[in-house]
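Participant: I am attaching a structure below and will ask some questions about it afterwards.
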Amino acid sequence: MISGKNRVFLFLQGPHGPYFQRLGRMLRAAGADVWRVGFNAGDEFFWNDRARYIPFLDAAELWPDRFRRIVAERGVTDLVLYGDIRPIHAHAVEAAKKLGLTIHVFEEGYLRPYWVTYERDGSNGNSALMQLSIADMQEALARADLDVPEPPAYWGDMRQHLFYGAVYHGLLLMMNGRYRNFRPHRELTVLQEFRLYLKRLLLMPWLWADRVQATWRVKYGGFPYHLTLLQLAHDSSFIAHSRFGSMTAFLETVIEGFAAGAPPHHHMVFKAHPLEDGRVPIRREIRRLARQYGVADRVHYVRGGKLAQLLDHARSAVTVNSTAAQQVLWRGLPLKVFGEAVYAKPEFVSSQPLQDFFSHPERPDNRAYRDYRHFLLETSQIAGSFYSARGRRQLLRQVVDMMLAAEDPYDALRHGTAAPRQQLRVIK
C-alpha cells in the first residue's frame with residue numbers, strides 16, 4: 001500500500017502560485033509530515049499552513065548550515081523543489097544527497113505545455129535522462145503500451161502564469177520587510193522584475209498584434225526559412241547547461257553560421273520565448289548582427305506565439321537547449337543544439353558544423369525519437385499544469401503516488417512497477 005507514513009517532506013521554492021501548497025496538503029492526507037521553508041513574502045503568501053512554515057531570514061551564506069539543522073531537527077526524509085540550479089536549491093540538493101534524502105525535482109514539462117516534469121535528484125542537464133541511451137529506453141518500453149498523443153501547440157495557462165508571477169513579485173516589492181536579507185537568484189532587482197511582469201500584462205494587446213503581423217509575413221512570404229528557438233536569457237538551462245555567456249553570443253553564432261552556409265534565397269526566423277519580457281534587447285541585437293553579416297533583409301523576429309504555425313513550413317531549427325525543440329523533432333525536422341539537453345541524443349540531433357547544417361541539414365531518426373518521446377510520456381512527463389486550477393487537479397491525481405513510490409519514474413518503468421498513466425486531456 002502506498003502511504004506517506006514515516007515520511008517527512010521539506011519543500012523549498014516552487015512555481016509561482018498555489019501548486020506547492022496543494023501538493024503539501026495531499027501529502028499530509030497520505031499520512032506524511034510536511035514542512036515548507038520560505039525565503040520571501042511570496043513563498044509565505046502561497047503557503048497557508050503557518051504551523052508548518054519555516055521562514056529563512058538570515059543572509060544567504062548561512063543557508064547551507066541552516067538547511068542541515070532543519071533536516072536534523074525535523075527528521076526530514078524527502079526534499080521537494082522546483083528547479084535545481086538556483087543557489088539555495090543547489091546547496092540543498094548537494095547536502096541532501098550526502099544525507100541520503102530522496103530528492104523530488106519539478107520543472108516545466110520537457111513536452112510542454114500539457115505536461116510537467118517530475119524527476120528524482122536533478123532535472124535538465126542534471127537529469128538521469130542524460131545517462132540513458134535510446135537502446136535503454138527501447139528496452140524499458142517493451143513493458144509499456146501507450147499511444148503517443150499529438151504534440152500540443154497551445155500554451156494553455158499563459159495568463160495564469162503571468163498573473164501569479166506578477167502577484168509574487170508584487171509581494172516581494174511591497175511586503176518583503178521581514179525578509180530583508182533575501183536576494184533574487186536572478187540579476188534584476190525585485191522592482192525591476194515586477195515592472196517587467198506588469199508591463200507585459202499591460203502590453204499584451206499590442207504584443208499580440210505585433211506577433212500576428214510578424215507571423216503573417218513569414219507564413220505568406222513564400223521563402224524557405226530556418227527557425228531559431230530562443231530562450232529567456234535568465235533561463236537556468238541556458239545559463240548552467242550551455243557554453244554561451246550571453247544571449248548576444250548565441251545570436252551572433254547563429255547569424256554568422258546562417259550567413260556563411262545557408263543558400264542566398266533562404267531566410268532565418270528568430271522566435272522569442274512566450275515569456276520574453278524585454279530585459280535583454282534581443283530584437284535590437286538581431287537587427288544589428290544581421291546588418292553586420294549582410295543578411296538584414298533575410299532575418300525576421302517573431303514575439304512568442306504558437307510554435308506550430310512556424311514549424312509547419314520550416315526547413316530546420318536551431319536552439320541552445322529549449323524544450324520547444326521537442327516539437328521540432330516530432331515533425332521530423334533537422335535540429336542543431338548548442339547546449340546540454342535531455343533530448344540531445346545522437347540518433348536525432350545533428351552533429352554537423354553550423355555552416356554545413358544550414359547548407360544541407362541531416363534529418364533525424366524519426367523512429368528513435370518516437371521511442372524517446374514514448375519513454376518520457378511513460379515516466380517523467382505528467383499530464384497537468386502548475387498554474388491553471390484544472391491543470392493542478394489533473395497533476396495531483398498522479399504525482400503524489402509517484403512521489404511516495406520507492407523507485408523514480410525511470411526505474412519504475414524499467415522494472416515493471418510503474419503505475420498506469422492518465423489519458424491526456426486538453427487543459428485550458
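Every chain in the C-alpha cells takes a letter, A first, then B, and so on in the order presented; its residues are numbered from 1, and the ligands are numbered from 1 following the presented order.
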Residues at most 9 Å from Ile286 of chain A, counting only C-alpha atoms, excluding those fewer than 2 positions away in the same chain, as a PDB file with N, CA, C and O atoms, in the first residue's frame?
Facilitator:
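Result written to result11.pdb:
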ATOM      1  N   THR A 248      23.518  37.425 -26.625  1.00  0.00           N
ATOM      2  CA  THR A 248      24.130  38.022 -27.813  1.00  0.00           C
ATOM      3  C   THR A 248      25.154  37.078 -28.436  1.00  0.00           C
ATOM      4  O   THR A 248      25.253  36.976 -29.663  1.00  0.00           O
ATOM      5  N   LEU A 251      23.229  34.553 -30.453  1.00  0.00           N
ATOM      6  CA  LEU A 251      22.673  35.164 -31.651  1.00  0.00           C
ATOM      7  C   LEU A 251      23.741  35.349 -32.722  1.00  0.00           C
ATOM      8  O   LEU A 251      23.502  35.080 -33.908  1.00  0.00           O
ATOM      9  N   GLU A 252      24.917  35.786 -32.311  1.00  0.00           N
ATOM     10  CA  GLU A 252      25.985  36.001 -33.290  1.00  0.00           C
ATOM     11  C   GLU A 252      26.442  34.678 -33.902  1.00  0.00           C
ATOM     12  O   GLU A 252      26.709  34.606 -35.111  1.00  0.00           O
ATOM     13  N   ILE A 255      23.692  33.718 -36.529  1.00  0.00           N
ATOM     14  CA  ILE A 255      23.635  34.587 -37.711  1.00  0.00           C
ATOM     15  C   ILE A 255      24.894  34.443 -38.549  1.00  0.00           C
ATOM     16  O   ILE A 255      24.838  34.417 -39.792  1.00  0.00           O
ATOM     17  N   PHE A 270      13.807  34.152 -36.052  1.00  0.00           N
ATOM     18  CA  PHE A 270      14.058  34.011 -34.617  1.00  0.00           C
ATOM     19  C   PHE A 270      12.723  34.111 -33.886  1.00  0.00           C
ATOM     20  O   PHE A 270      12.036  35.125 -33.980  1.00  0.00           O
ATOM     21  N   PRO A 281      17.732  43.281 -24.939  1.00  0.00           N
ATOM     22  CA  PRO A 281      17.232  43.842 -26.207  1.00  0.00           C
ATOM     23  C   PRO A 281      17.482  42.900 -27.382  1.00  0.00           C
ATOM     24  O   PRO A 281      18.286  43.179 -28.283  1.00  0.00           O
ATOM     25  N   ILE A 282      16.768  41.785 -27.395  1.00  0.00           N
ATOM     26  CA  ILE A 282      17.024  40.742 -28.384  1.00  0.00           C
ATOM     27  C   ILE A 282      16.773  41.239 -29.810  1.00  0.00           C
ATOM     28  O   ILE A 282      17.598  41.024 -30.715  1.00  0.00           O
ATOM     29  N   ARG A 283      15.636  41.893 -30.031  1.00  0.00           N
ATOM     30  CA  ARG A 283      15.317  42.349 -31.383  1.00  0.00           C
ATOM     31  C   ARG A 283      16.392  43.310 -31.901  1.00  0.00           C
ATOM     32  O   ARG A 283      16.822  43.204 -33.054  1.00  0.00           O
ATOM     33  N   ARG A 284      16.816  44.225 -31.055  1.00  0.00           N
ATOM     34  CA  ARG A 284      17.837  45.189 -31.472  1.00  0.00           C
ATOM     35  C   ARG A 284      19.150  44.489 -31.811  1.00  0.00           C
ATOM     36  O   ARG A 284      19.810  44.812 -32.818  1.00  0.00           O
ATOM     37  N   ARG A 288      21.106  44.337 -35.437  1.00  0.00           N
ATOM     38  CA  ARG A 288      22.495  44.794 -35.547  1.00  0.00           C
ATOM     39  C   ARG A 288      23.379  43.715 -36.166  1.00  0.00           C
ATOM     40  O   ARG A 288      24.168  43.979 -37.094  1.00  0.00           O
ATOM     41  N   LEU A 289      23.249  42.488 -35.672  1.00  0.00           N
ATOM     42  CA  LEU A 289      24.077  41.398 -36.166  1.00  0.00           C
ATOM     43  C   LEU A 289      23.726  41.025 -37.601  1.00  0.00           C
ATOM     44  O   LEU A 289      24.614  40.678 -38.398  1.00  0.00           O
ATOM     45  N   ALA A 290      22.439  41.097 -37.948  1.00  0.00           N
ATOM     46  CA  ALA A 290      22.034  40.798 -39.325  1.00  0.00           C
ATOM     47  C   ALA A 290      22.654  41.800 -40.302  1.00  0.00           C
ATOM     48  O   ALA A 290      23.101  41.430 -41.399  1.00  0.00           O
ATOM     49  N   ARG A 291      22.692  43.076 -39.913  1.00  0.00           N
ATOM     50  CA  ARG A 291      23.349  44.085 -40.760  1.00  0.00           C
ATOM     51  C   ARG A 291      24.852  43.824 -40.842  1.00  0.00           C
ATOM     52  O   ARG A 291      25.465  43.935 -41.918  1.00  0.00           O
ATOM     53  N   ALA A 296      20.489  41.356 -43.463  1.00  0.00           N
ATOM     54  CA  ALA A 296      19.404  42.085 -42.804  1.00  0.00           C
ATOM     55  C   ALA A 296      18.052  41.869 -43.469  1.00  0.00           C
ATOM     56  O   ALA A 296      17.018  41.864 -42.794  1.00  0.00           O
ATOM     57  N   VAL A 299      16.373  38.173 -42.326  1.00  0.00           N
ATOM     58  CA  VAL A 299      16.247  37.783 -40.919  1.00  0.00           C
ATOM     59  C   VAL A 299      14.984  38.398 -40.331  1.00  0.00           C
ATOM     60  O   VAL A 299      14.715  39.590 -40.527  1.00  0.00           O
ATOM     61  N   HIS A 300      14.209  37.596 -39.585  1.00  0.00           N
ATOM     62  CA  HIS A 300      12.927  38.025 -39.032  1.00  0.00           C
ATOM     63  C   HIS A 300      12.878  37.686 -37.538  1.00  0.00           C
ATOM     64  O   HIS A 300      13.520  36.744 -37.075  1.00  0.00           O
ATOM     65  N   TYR A 301      12.059  38.444 -36.812  1.00  0.00           N
ATOM     66  CA  TYR A 301      11.885  38.219 -35.372  1.00  0.00           C
ATOM     67  C   TYR A 301      10.397  38.143 -35.065  1.00  0.00           C
ATOM     68  O   TYR A 301       9.615  39.013 -35.461  1.00  0.00           O
TER      69      TYR A 301
END
Participant: Per DSSP on the backbone, what are the strand (DSSP E or B) residues of segment 57-158 of chain A, as a PyMOL selection string?
Facilitator: chain A and resi 78-82+102-108+115-120
Participant: With a distance cut-off of 10 Å and only C-alpha atoms, select the neighbouring residues of Ala140 of chain A, excluding the residue or stretch itself and same-chain residues fewer than 5 positions from it, and output the selection as a ChimeraX atom specification.
Facilitator: /A:134-135,375,378,410-416
Participant: Write a file of the just-selected residues containing N, CA and C atoms, as a JSON list (two decimals), in the first residue's frame.
Facilitator:
[["chain", "number", "residue", "atom", "x", "y", "z"],
["A", 134, "ILE", "N", 19.08, 5.61, -26.10],
["A", 134, "ILE", "CA", 17.84, 5.23, -26.76],
["A", 134, "ILE", "C", 17.62, 3.72, -26.63],
["A", 135, "ALA", "N", 18.69, 2.95, -26.69],
["A", 135, "ALA", "CA", 18.56, 1.50, -26.53],
["A", 135, "ALA", "C", 18.02, 1.15, -25.14],
["A", 375, "PHE", "N", 8.91, 7.03, -24.16],
["A", 375, "PHE", "CA", 9.53, 6.76, -22.87],
["A", 375, "PHE", "C", 9.24, 7.89, -21.88],
["A", 378, "GLU", "N", 5.74, 7.85, -20.51],
["A", 378, "GLU", "CA", 5.51, 6.77, -19.57],
["A", 378, "GLU", "C", 6.19, 7.01, -18.22],
["A", 410, "TYR", "N", 11.85, 6.55, -13.94],
["A", 410, "TYR", "CA", 12.59, 5.79, -14.95],
["A", 410, "TYR", "C", 12.85, 4.36, -14.51],
["A", 411, "ASP", "N", 13.26, 4.19, -13.26],
["A", 411, "ASP", "CA", 13.49, 2.84, -12.75],
["A", 411, "ASP", "C", 12.18, 2.06, -12.66],
["A", 412, "ALA", "N", 11.10, 2.74, -12.30],
["A", 412, "ALA", "CA", 9.81, 2.07, -12.18],
["A", 412, "ALA", "C", 9.37, 1.46, -13.51],
["A", 413, "LEU", "N", 9.61, 2.17, -14.61],
["A", 413, "LEU", "CA", 9.24, 1.62, -15.91],
["A", 413, "LEU", "C", 10.16, 0.46, -16.29],
["A", 414, "ARG", "N", 11.44, 0.62, -16.03],
["A", 414, "ARG", "CA", 12.38, -0.45, -16.39],
["A", 414, "ARG", "C", 12.12, -1.73, -15.60],
["A", 415, "HIS", "N", 11.64, -1.57, -14.35],
["A", 415, "HIS", "CA", 11.42, -2.74, -13.50],
["A", 415, "HIS", "C", 9.97, -3.22, -13.53],
["A", 416, "GLY", "N", 9.15, -2.57, -14.33],
["A", 416, "GLY", "CA", 7.76, -3.01, -14.48],
["A", 416, "GLY", "C", 6.85, -2.67, -13.33]]
Participant: Report as a PyMOL selection string all protein, DNA and RNA residues lying within 12 Å of Ala418 of chain A, evaluated on only C-alpha atoms, omitting residues in the same chain fewer than 6 positions from it.
Facilitator: chain A and resi 140-141+143-145+375+377-380+398+401-403+405-412
Participant: Leaving out Glu61 of chain A and any residue of its chain fewer than 4 positions from it, which residues lie within 10 Å of it when counting only C-alpha atoms, given as a ChimeraX atom specification?
Facilitator: /A:65-66,88
Participant: Keeping only N, CA and C atoms, write those residues as a compact mmCIF listing (two decimals), in the first residue's frame.
Facilitator:
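Result file follows (selection05.txt):
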# COMPACT_ATOMS: atom_id res chain seq x y z
N ASP A 65 24.26 25.68 6.37
CA ASP A 65 24.24 25.16 7.75
C ASP A 65 22.82 25.10 8.29
N ARG A 66 22.01 26.11 7.96
CA ARG A 66 20.62 26.11 8.44
C ARG A 66 19.85 24.95 7.84
N ILE A 88 20.15 28.52 -3.70
CA ILE A 88 19.61 27.91 -2.47
C ILE A 88 19.20 26.46 -2.71
Participant: Counting only C-alpha atoms, figure out which residue out of A:Tyr220, A:Ala314, A:Met174, A:Val320 gets nearest to Met247 of chain A.
Facilitator: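 Residue with the minimum atom-to-atom distance to Met247 of chain A: A:Val320.
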Participant: How close does each residue of segment 75-181 of chain A get to segment 322-335 of chain A, giving the shortest atom pair and distance in Å to one decimal for every residue with an atom at most 8 Å away, counting only C-alpha atoms, sorted by chain and residue number, as CSV?
Facilitator:
residue,atom,partner,partner_atom,distance
A:Gly109,CA,A:Thr323,CA,7.8
A:Tyr110,CA,A:Thr323,CA,5.4
A:Leu111,CA,A:Gln326,CA,6.6
A:Arg112,CA,A:Thr323,CA,7.5
A:Pro151,CA,A:Gln327,CA,6.6
Participant: So that I can see what lies close to segment 81-87 of chain A, please list as a PyMOL selection string the residues with an atom at most 7 Å from it, counting only C-alpha atoms and leaving out residues fewer than 6 positions away in the same chain.
Facilitator: chain A and resi 11-15+104-107+122-123+185+236
Participant: Using only C-alpha atoms, which protein or nucleic acid residues come within 12 Å of Ala260 of chain A? Drop anything in the same chain fewer than 3 positions from it, and give the result as a list in words.
Facilitator: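 Within the cut-off, the hits are Thr253, Val254, Ile255, Glu256, Gly257, Pro263, Pro264, His266, Tyr293, Gly294, Val295, Pro353, Leu354, Gln355, Asp356, Phe357, Phe358 and Ser359 of chain A.
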Participant: Using N, CA and C atoms, can you write the selected residues to a file as an mmCIF file, in the first residue's frame?
Facilitator:
data_model
loop_
_atom_site.group_PDB
_atom_site.id
_atom_site.type_symbol
_atom_site.label_atom_id
_atom_site.label_comp_id
_atom_site.auth_asym_id
_atom_site.auth_seq_id
_atom_site.Cartn_x
_atom_site.Cartn_y
_atom_site.Cartn_z
ATOM 1 N N THR A 253 26.534 33.642 -33.099
ATOM 2 C CA THR A 253 26.919 32.330 -33.627
ATOM 3 C C THR A 253 25.949 31.873 -34.707
ATOM 4 N N VAL A 254 24.651 32.021 -34.440
ATOM 5 C CA VAL A 254 23.637 31.568 -35.387
ATOM 6 C C VAL A 254 23.666 32.409 -36.663
ATOM 7 N N ILE A 255 23.692 33.718 -36.529
ATOM 8 C CA ILE A 255 23.635 34.587 -37.711
ATOM 9 C C ILE A 255 24.894 34.443 -38.549
ATOM 10 N N GLU A 256 26.039 34.316 -37.909
ATOM 11 C CA GLU A 256 27.280 34.110 -38.661
ATOM 12 C C GLU A 256 27.227 32.801 -39.446
ATOM 13 N N GLY A 257 26.758 31.711 -38.794
ATOM 14 C CA GLY A 257 26.645 30.429 -39.481
ATOM 15 C C GLY A 257 25.629 30.467 -40.610
ATOM 16 N N PRO A 263 21.710 28.814 -48.292
ATOM 17 C CA PRO A 263 21.528 29.312 -49.654
ATOM 18 C C PRO A 263 21.032 30.751 -49.635
ATOM 19 N N PRO A 264 21.399 31.560 -50.628
ATOM 20 C CA PRO A 264 21.100 33.005 -50.578
ATOM 21 C C PRO A 264 19.622 33.358 -50.625
ATOM 22 N N HIS A 266 17.366 31.614 -48.819
ATOM 23 C CA HIS A 266 16.794 31.150 -47.557
ATOM 24 C C HIS A 266 16.766 32.295 -46.542
ATOM 25 N N TYR A 293 26.476 41.052 -40.715
ATOM 26 C CA TYR A 293 26.820 39.900 -41.559
ATOM 27 C C TYR A 293 26.132 39.929 -42.923
ATOM 28 N N GLY A 294 25.507 41.042 -43.252
ATOM 29 C CA GLY A 294 24.970 41.230 -44.592
ATOM 30 C C GLY A 294 23.719 40.449 -44.919
ATOM 31 N N VAL A 295 22.903 40.128 -43.908
ATOM 32 C CA VAL A 295 21.682 39.338 -44.164
ATOM 33 C C VAL A 295 20.449 40.031 -43.571
ATOM 34 N N PRO A 353 28.794 20.781 -38.371
ATOM 35 C CA PRO A 353 29.137 22.182 -38.145
ATOM 36 C C PRO A 353 27.979 23.059 -38.615
ATOM 37 N N LEU A 354 27.789 24.201 -37.966
ATOM 38 C CA LEU A 354 26.606 25.010 -38.226
ATOM 39 C C LEU A 354 26.504 25.446 -39.687
ATOM 40 N N GLN A 355 27.619 25.805 -40.295
ATOM 41 C CA GLN A 355 27.600 26.220 -41.694
ATOM 42 C C GLN A 355 27.089 25.103 -42.580
ATOM 43 N N ASP A 356 27.552 23.874 -42.344
ATOM 44 C CA ASP A 356 27.081 22.730 -43.122
ATOM 45 C C ASP A 356 25.621 22.420 -42.818
ATOM 46 N N PHE A 357 25.226 22.619 -41.568
ATOM 47 C CA PHE A 357 23.839 22.354 -41.188
ATOM 48 C C PHE A 357 22.879 23.239 -41.977
ATOM 49 N N PHE A 358 23.197 24.516 -42.104
ATOM 50 C CA PHE A 358 22.327 25.408 -42.858
ATOM 51 C C PHE A 358 22.382 25.130 -44.357
ATOM 52 N N SER A 359 23.480 24.562 -44.816
ATOM 53 C CA SER A 359 23.620 24.269 -46.239
ATOM 54 C C SER A 359 22.843 23.023 -46.643
#
